[in-house]
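What follows is a single structure, written as structure tokens, with notes after it.
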Amino acid sequence: MKVGVPTEIKTDEYRVALTQAGVRELVEHGHEVLVQAGAGLGSAITDDDYQEQGASILPDAPAVFAEADMVVKVKEPQASEVAMLEPRHTLFTYLHLAPDPELTRGLVESGATCVAYETVEDDRGRLPLLAPMSEVAGKIATQAGAFMLEKPLGGRGILLGGVPGVAAANVMVIGGGVVGMNAAFIALGMEATVYVYDRNIDRLRELDIAFGGRADTCYASTLDIEQRLPDVDLVIGAVLVHGAKAPYVIRREQLKLMKPGAVLVDVAIDQGGCFETSRPTTHTDPTYEVDGVIHYCVANMPGAVPVTSTRALTNATLPYILHVADEGVAGASRQNPGLAKGVNVVAGKVTYRPVADATGHPYQDLFDALGEAAAA
Ligand SMILES: NC(=O)c1ccc[n+]([C@@H]2O[C@H](COP(=O)([O-])OP(=O)(O)OC[C@H]3O[C@@H](n4cnc5c(N)ncnc54)[C@H](O)[C@@H]3O)[C@@H](O)[C@H]2O)c1
């Protein structure tokens with residue numbers, strides 16, 4: 001198979017979908033890898049690094065899309081990339097379609113087969129291709145929140161860890177999954193007072209053991225969250241209902257309960273955001289204020305640390321990319337039901353139910369859609 005790697009074009013995105021180690025493994029499996037010139041530079045990978053492992057370098061994105069059978073990316077395709085997709089393409093990347101009916105329509109109309117990293121599951125129902133970026137985003141969330149709490153950046157001017165004789169800041173993490181746990185660990189490392197909220201009691205049990213009593217775990221009822229809001233300095237929103245638009249855990253009318261200059265970091269913004277007042281921002285212009293509360297809602301947080309993120313992403317995606325390259329989407333999906341859950345769109349049909357429900361497209365069973373596409 002010919003595997004294409006275009007340069008990411010989303011604002012402030014410096015990651016790339018494949019490292020030179022990934023190229024090496026694909027080439028050893030007999031595949032051709034076509035990398036857009038300069039695609040790896042933001043992640044400190046040169047064209048020579050790729051070529052040394054057997055990749056060909058193509059001048060621009062149209063050349064990569066024209067040659068490739070499978071296009072691997074990091075972020076959801078931008079309009080100019082959707083326009084280059086054809087029915088013969090497999091696209092493998094983060095898609096986050098549930099909150100994005102326009103992109104869903106574009107992919108449906110392209111006729112391409114589109115596989116979403118974030119809905120691939122492992123045999124325990126976890127999200128192996130979201131996890132590495134969630135680890136990164138969770139760690140950045142606390143760093144960014146601590147920074148935005150500084151007075152010159154609009155925050156209330158409190159130091160996360162306090163000093164002897166002055167209390168530390170209170171950090172509330174809502175959603176104690178991969179993002180939430182990593183955010184909490186960094187907050188604990190900075191010596192803040194930390195509360196982690198989740199609705200899954202078993203998850204709270206696991207966190208309680210992991211924190212060894214250093215953070216409080218709390219059930220995420222609306223009332224309990226509301227009662228804590230007047231005391232908190234930093235809230236990190238990290239909830240996820242697999243594949244679906246994020247539920248709101250803080251409503252606009254609840255902002256008035258918070259201290260002026262408190263900071264909300266909405267990591268779940270890529271699934272539509274978990275605070276009612278969230279809207280996507282960029283690393284260049286990451287915050288805005290609503291009712292005196294600073295909102296940080298960067299949709300590609302790991303893009304800020306591409307040297308780390310690109311390597312962590314390829315470590316996780318490579319086995320799946322190799323499997324799809326070796327067997328095709330249909331063969332790989334039959335062999336790995338967790339990978340099948342990643343297939344969101346096939347030949348004009350939405351094949352992942354939460355996306356169909358959220359975007360108003362009819363749902364079609366994956367294997368029926370793949371069968372029809374093969375017969376066409
Ligand atoms: N902005 C970014 O750059 C970026 C990067 C990585 C991940 N993310 C996003 O971060 C979010 C979290 O990802 P994750 O990997 O930690 O997911 P996860 O599945 O590991 O954890 C989500 C947690 O949320 C909990 N939850 C669900 N509904 C809840 C509710 N109403 N109240 C409280 N808790 C609730 C679940 O029980 C689970 O423990 C996702 O939307 C993901 O796409 C964003």
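Note on naming: chains are A, B, ... as they come in the structure tokens, residues start from 1 per chain, ligands start from 1 in the order shown.
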Would you mind listing what lies within 8 Å of Val239 of chain A as a PDB file with N, CA, C and O atoms, in the first residue's frame, with only C-alpha atoms counted and same-chain residues fewer than 6 positions away left out?
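The file below, out-v8.pdb, is the result:
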```pdb
ATOM      1  N   ILE A 174     -12.515  17.721  36.568  1.00  0.00           N
ATOM      2  CA  ILE A 174     -13.796  17.037  36.338  1.00  0.00           C
ATOM      3  C   ILE A 174     -13.601  16.053  35.185  1.00  0.00           C
ATOM      4  O   ILE A 174     -13.309  16.452  34.055  1.00  0.00           O
ATOM      5  N   GLY A 175     -13.737  14.755  35.491  1.00  0.00           N
ATOM      6  CA  GLY A 175     -13.408  13.686  34.551  1.00  0.00           C
ATOM      7  C   GLY A 175     -12.045  13.129  34.942  1.00  0.00           C
ATOM      8  O   GLY A 175     -11.019  13.781  34.732  1.00  0.00           O
ATOM      9  N   GLY A 176     -12.043  11.958  35.542  1.00  0.00           N
ATOM     10  CA  GLY A 176     -10.791  11.405  36.078  1.00  0.00           C
ATOM     11  C   GLY A 176     -10.229  10.291  35.208  1.00  0.00           C
ATOM     12  O   GLY A 176      -9.692   9.308  35.710  1.00  0.00           O
ATOM     13  N   GLY A 177     -10.355  10.456  33.885  1.00  0.00           N
ATOM     14  CA  GLY A 177      -9.774   9.458  32.971  1.00  0.00           C
ATOM     15  C   GLY A 177      -8.296   9.749  32.758  1.00  0.00           C
ATOM     16  O   GLY A 177      -7.595  10.188  33.671  1.00  0.00           O
ATOM     17  N   ALA A 246     -19.362  16.165  24.184  1.00  0.00           N
ATOM     18  CA  ALA A 246     -19.131  16.228  25.641  1.00  0.00           C
ATOM     19  C   ALA A 246     -20.373  16.754  26.361  1.00  0.00           C
ATOM     20  O   ALA A 246     -21.030  17.682  25.876  1.00  0.00           O
ATOM     21  N   PRO A 247     -20.704  16.186  27.533  1.00  0.00           N
ATOM     22  CA  PRO A 247     -21.807  16.760  28.328  1.00  0.00           C
ATOM     23  C   PRO A 247     -21.319  18.030  29.037  1.00  0.00           C
ATOM     24  O   PRO A 247     -20.127  18.156  29.322  1.00  0.00           O
ATOM     25  N   ALA A 268     -11.779  18.985  26.979  1.00  0.00           N
ATOM     26  CA  ALA A 268     -12.775  18.267  26.175  1.00  0.00           C
ATOM     27  C   ALA A 268     -13.316  19.125  25.024  1.00  0.00           C
ATOM     28  O   ALA A 268     -14.301  18.740  24.383  1.00  0.00           O
ATOM     29  N   CYS A 274     -16.905  20.911  27.560  1.00  0.00           N
ATOM     30  CA  CYS A 274     -17.746  20.450  28.680  1.00  0.00           C
ATOM     31  C   CYS A 274     -18.171  21.603  29.579  1.00  0.00           C
ATOM     32  O   CYS A 274     -18.780  21.365  30.607  1.00  0.00           O
TER      33      CYS A 274
END
```
Exercise for review: Return as JSON, numbers by chain the residues of protein, DNA or RNA that approach ligand 1 to within 6 Å, with only C-alpha atoms and all ligand atoms taken into account.
Suggested key: {"A": [130, 131, 133, 134, 137, 174, 175, 176, 177, 178, 179, 180, 197, 198, 199, 200, 220, 238, 239, 240, 241, 247, 267, 268, 269, 270, 271, 298, 299, 300, 301, 302]}
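Using only C-alpha atoms, the shortest contact distance between Ala244 of chain A and any of A:Val35, A:Ala98, A:Ala375, A:Leu18 is found at A:Ala98.
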Excluding same-chain residues fewer than 4 positions from Asp123 of chain A, what lies within 12 Å of it counting only C-alpha atoms, as a short mmCIF file (atom, residue, chain, number, x, y, z; two decimals) with all heavy atoms, in the first residue's frame?
```
data_model
loop_
_atom_site.label_atom_id
_atom_site.label_comp_id
_atom_site.auth_asym_id
_atom_site.auth_seq_id
_atom_site.Cartn_x
_atom_site.Cartn_y
_atom_site.Cartn_z
N LEU A 127 -9.21 3.56 25.07
CA LEU A 127 -8.98 4.25 23.80
C LEU A 127 -7.47 4.39 23.57
O LEU A 127 -6.87 5.40 23.93
CB LEU A 127 -9.65 5.63 23.85
CG LEU A 127 -11.15 5.62 24.22
CD1 LEU A 127 -11.68 7.03 24.39
CD2 LEU A 127 -11.95 4.85 23.17
N PRO A 128 -6.83 3.36 22.98
CA PRO A 128 -5.37 3.34 22.94
C PRO A 128 -4.74 4.43 22.08
O PRO A 128 -3.58 4.78 22.28
CB PRO A 128 -5.06 1.96 22.34
CG PRO A 128 -6.29 1.60 21.56
CD PRO A 128 -7.43 2.19 22.32
N ASN A 336 -9.80 -7.39 14.02
CA ASN A 336 -9.67 -6.63 15.27
C ASN A 336 -10.93 -5.79 15.49
O ASN A 336 -11.06 -4.69 14.95
CB ASN A 336 -8.43 -5.73 15.20
CG ASN A 336 -8.22 -4.95 16.49
OD1 ASN A 336 -9.10 -4.88 17.34
ND2 ASN A 336 -7.05 -4.36 16.64
N PRO A 337 -11.88 -6.29 16.30
CA PRO A 337 -13.13 -5.54 16.52
C PRO A 337 -12.90 -4.16 17.13
O PRO A 337 -13.71 -3.25 16.92
CB PRO A 337 -13.91 -6.43 17.51
CG PRO A 337 -13.23 -7.76 17.50
CD PRO A 337 -11.82 -7.56 17.04
N GLY A 338 -11.80 -3.98 17.86
CA GLY A 338 -11.51 -2.67 18.44
C GLY A 338 -11.15 -1.65 17.37
O GLY A 338 -11.54 -0.49 17.44
N LEU A 339 -10.43 -2.12 16.36
CA LEU A 339 -10.11 -1.25 15.23
C LEU A 339 -11.38 -0.93 14.45
O LEU A 339 -11.58 0.22 14.00
CB LEU A 339 -9.07 -1.92 14.32
CG LEU A 339 -8.75 -1.18 13.02
CD1 LEU A 339 -8.14 0.20 13.30
CD2 LEU A 339 -7.80 -1.98 12.15
N ALA A 340 -12.28 -1.93 14.31
CA ALA A 340 -13.54 -1.70 13.58
C ALA A 340 -14.31 -0.53 14.20
O ALA A 340 -14.98 0.23 13.50
CB ALA A 340 -14.39 -2.98 13.60
N LYS A 341 -14.20 -0.36 15.52
CA LYS A 341 -14.91 0.74 16.18
C LYS A 341 -14.37 2.10 15.74
O LYS A 341 -15.02 3.13 15.93
CB LYS A 341 -14.77 0.62 17.70
CG LYS A 341 -15.49 -0.60 18.26
CD LYS A 341 -16.20 -0.23 19.55
CE LYS A 341 -17.21 -1.27 19.93
NZ LYS A 341 -16.82 -2.15 20.97
#
```
Review point. Given the choices A:Leu159, A:Gly30, A:Val120, A:Val249, which gets closest to Met190 of chain A if the distance is worked out from only C-alpha atoms?
Key: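 Comparing A:Leu159, A:Gly30, A:Val120, A:Val249 against Met190 of chain A, the winner is A:Leu159.
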**Study point:** Nearest to Tyr352 of chain A by atom-to-atom distance, counting only C-alpha atoms, from A:Leu318, A:Met84, A:Met148, A:Leu366
**Key:** A:Leu366
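Proximity of A:Thr282, A:Gln335, A:Ile57, A:Arg105 to Ala304 of chain A, computed with only C-alpha atoms, is greatest for A:Thr282.
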Check your understanding: Quick one: DSSP helix (DSSP H, G or I) residues in segment 58-214 of chain A, as a ChimeraX atom specification?
Key -> /A:61-67,79-82,101-110,117-119,131-148,151-153,178-189,201-211
I want to know what sits within 8 Å of Leu41 of chain A, based on only C-alpha atoms, with residues of the same chain fewer than 5 positions away left out; could you give that as a PDB file with all heavy atoms, in the first residue's frame?
```pdb
ATOM      1  N   TYR A  14       2.209  21.413  15.010  1.00  0.00           N
ATOM      2  CA  TYR A  14       3.578  21.088  14.596  1.00  0.00           C
ATOM      3  C   TYR A  14       3.846  19.587  14.628  1.00  0.00           C
ATOM      4  O   TYR A  14       4.961  19.153  14.389  1.00  0.00           O
ATOM      5  CB  TYR A  14       4.580  21.805  15.512  1.00  0.00           C
ATOM      6  CG  TYR A  14       4.373  23.305  15.517  1.00  0.00           C
ATOM      7  CD1 TYR A  14       3.758  23.933  16.589  1.00  0.00           C
ATOM      8  CD2 TYR A  14       4.767  24.081  14.434  1.00  0.00           C
ATOM      9  CE1 TYR A  14       3.543  25.306  16.585  1.00  0.00           C
ATOM     10  CE2 TYR A  14       4.555  25.450  14.419  1.00  0.00           C
ATOM     11  CZ  TYR A  14       3.943  26.053  15.503  1.00  0.00           C
ATOM     12  OH  TYR A  14       3.728  27.410  15.485  1.00  0.00           O
ATOM     13  N   THR A  46      13.812  15.604   9.938  1.00  0.00           N
ATOM     14  CA  THR A  46      14.105  16.202   8.627  1.00  0.00           C
ATOM     15  C   THR A  46      13.681  15.261   7.493  1.00  0.00           C
ATOM     16  O   THR A  46      13.465  14.056   7.712  1.00  0.00           O
ATOM     17  CB  THR A  46      15.618  16.469   8.478  1.00  0.00           C
ATOM     18  OG1 THR A  46      16.294  15.198   8.509  1.00  0.00           O
ATOM     19  CG2 THR A  46      16.143  17.355   9.600  1.00  0.00           C
ATOM     20  N   ASP A  47      13.619  15.813   6.279  1.00  0.00           N
ATOM     21  CA  ASP A  47      13.330  14.974   5.110  1.00  0.00           C
ATOM     22  C   ASP A  47      14.392  13.879   4.975  1.00  0.00           C
ATOM     23  O   ASP A  47      14.075  12.736   4.607  1.00  0.00           O
ATOM     24  CB  ASP A  47      13.302  15.836   3.837  1.00  0.00           C
ATOM     25  CG  ASP A  47      12.107  16.785   3.802  1.00  0.00           C
ATOM     26  OD1 ASP A  47      11.203  16.630   4.652  1.00  0.00           O
ATOM     27  OD2 ASP A  47      12.092  17.681   2.928  1.00  0.00           O
TER      28      ASP A  47
END
```
Review point. Between atom CA of Val235 of chain A and atom CA of Gln143 of chain A, what is the spacing in Å?
Key: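 Going from atom CA of Gln143 of chain A over to atom CA of Val235 of chain A covers 12.4 Å.
The nearest approach to Gly22 of chain A among the residues A:Met258, A:Leu58, A:Val345, A:Ala312, with only C-alpha atoms taken into account, belongs to A:Ala312.
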Point to revise | Best match for closeness to Val136 of chain A among A:Gly360, A:Ala63, A:Met181, A:Gln53, counting only C-alpha atoms | key: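 That would be A:Met181, the residue with the smallest distance to Val136 of chain A.
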Practice item. Please identify which residues in segment 190-365 of chain A DSSP calls strand (DSSP E or B) from the backbone, and express them as a ChimeraX atom specification. Key: /A:193-198,216-219,234-237,250,263-266,275,281,287-290,293-296,298,343-346,349-350,363
Would you write out those residues with N, CA and C atoms, as a compact mmCIF listing (two decimals), in the first residue's frame?
```txt
# COMPACT_ATOMS: atom_id res chain seq x y z
N THR A 193 -3.85 21.96 46.09
CA THR A 193 -4.86 21.12 46.73
C THR A 193 -5.80 20.63 45.63
N VAL A 194 -5.95 19.31 45.51
CA VAL A 194 -6.57 18.76 44.29
C VAL A 194 -7.82 17.92 44.62
N TYR A 195 -8.89 18.16 43.85
CA TYR A 195 -10.13 17.39 43.95
C TYR A 195 -10.42 16.83 42.55
N VAL A 196 -10.64 15.53 42.47
CA VAL A 196 -10.94 14.92 41.16
C VAL A 196 -12.36 14.36 41.20
N TYR A 197 -13.17 14.78 40.22
CA TYR A 197 -14.59 14.40 40.13
C TYR A 197 -14.81 13.45 38.96
N ASP A 198 -15.57 12.39 39.18
CA ASP A 198 -15.96 11.50 38.09
C ASP A 198 -17.31 10.88 38.46
N ASP A 216 -8.31 14.39 46.79
CA ASP A 216 -9.64 13.89 47.14
C ASP A 216 -10.35 13.44 45.87
N THR A 217 -11.03 12.31 45.93
CA THR A 217 -11.88 11.89 44.81
C THR A 217 -13.33 12.15 45.20
N CYS A 218 -14.13 12.65 44.24
CA CYS A 218 -15.49 13.10 44.56
C CYS A 218 -16.44 12.63 43.45
N TYR A 219 -17.67 12.28 43.82
CA TYR A 219 -18.67 11.93 42.82
C TYR A 219 -19.13 13.22 42.11
N LEU A 234 -8.74 26.88 39.88
CA LEU A 234 -8.52 26.31 38.55
C LEU A 234 -9.43 25.08 38.39
N VAL A 235 -10.20 25.06 37.28
CA VAL A 235 -11.02 23.89 36.97
C VAL A 235 -10.52 23.30 35.65
N ILE A 236 -10.25 22.01 35.63
CA ILE A 236 -9.84 21.34 34.39
C ILE A 236 -10.96 20.40 33.98
N GLY A 237 -11.54 20.66 32.80
CA GLY A 237 -12.64 19.84 32.29
C GLY A 237 -12.08 18.74 31.41
N ILE A 250 -20.34 22.38 33.65
CA ILE A 250 -20.52 23.70 34.26
C ILE A 250 -21.32 24.57 33.29
N VAL A 263 -9.72 30.24 36.66
CA VAL A 263 -9.42 29.78 35.30
C VAL A 263 -10.12 28.44 35.03
N LEU A 264 -10.76 28.35 33.86
CA LEU A 264 -11.32 27.09 33.36
C LEU A 264 -10.46 26.61 32.20
N VAL A 265 -9.99 25.38 32.25
CA VAL A 265 -9.27 24.78 31.11
C VAL A 265 -10.17 23.67 30.58
N ASP A 266 -10.69 23.82 29.36
CA ASP A 266 -11.60 22.82 28.80
C ASP A 266 -10.84 21.92 27.82
N PHE A 275 -17.85 22.84 29.21
CA PHE A 275 -18.41 24.01 29.89
C PHE A 275 -19.29 24.72 28.86
N THR A 281 -10.18 27.67 21.03
CA THR A 281 -9.16 28.72 20.86
C THR A 281 -7.89 28.07 20.32
N THR A 287 -6.89 32.25 25.30
CA THR A 287 -7.90 32.49 26.35
C THR A 287 -8.87 33.60 25.98
N TYR A 288 -10.00 33.59 26.66
CA TYR A 288 -10.97 34.70 26.62
C TYR A 288 -11.69 34.68 27.96
N GLU A 289 -12.45 35.74 28.22
CA GLU A 289 -13.09 35.85 29.53
C GLU A 289 -14.61 35.86 29.40
N VAL A 290 -15.28 35.14 30.27
CA VAL A 290 -16.74 35.23 30.34
C VAL A 290 -17.11 35.41 31.81
N VAL A 293 -14.43 35.01 34.42
CA VAL A 293 -13.70 33.73 34.51
C VAL A 293 -12.92 33.52 33.21
N ILE A 294 -11.61 33.21 33.36
CA ILE A 294 -10.75 33.03 32.19
C ILE A 294 -10.97 31.62 31.62
N HIS A 295 -11.20 31.55 30.31
CA HIS A 295 -11.41 30.26 29.64
C HIS A 295 -10.20 29.96 28.75
N TYR A 296 -9.63 28.77 28.90
CA TYR A 296 -8.54 28.28 28.03
C TYR A 296 -9.10 27.04 27.33
N VAL A 298 -7.94 25.35 24.11
CA VAL A 298 -7.14 25.03 22.92
C VAL A 298 -7.46 23.59 22.48
N VAL A 343 -13.77 2.90 12.63
CA VAL A 343 -14.20 3.25 11.27
C VAL A 343 -15.51 4.04 11.37
N ASN A 344 -15.44 5.33 11.11
CA ASN A 344 -16.59 6.23 11.28
C ASN A 344 -17.39 6.44 10.01
N VAL A 345 -16.70 6.42 8.85
CA VAL A 345 -17.37 6.72 7.58
C VAL A 345 -16.82 5.78 6.50
N VAL A 346 -17.73 5.17 5.73
CA VAL A 346 -17.34 4.30 4.62
C VAL A 346 -18.20 4.62 3.41
N LYS A 349 -21.34 6.51 3.92
CA LYS A 349 -22.22 6.08 5.02
C LYS A 349 -21.51 6.29 6.36
N VAL A 350 -22.28 6.73 7.37
CA VAL A 350 -21.71 6.85 8.73
C VAL A 350 -21.88 5.50 9.42
N TYR A 363 -27.40 5.76 10.25
CA TYR A 363 -26.32 4.84 10.63
C TYR A 363 -26.38 3.61 9.73
```
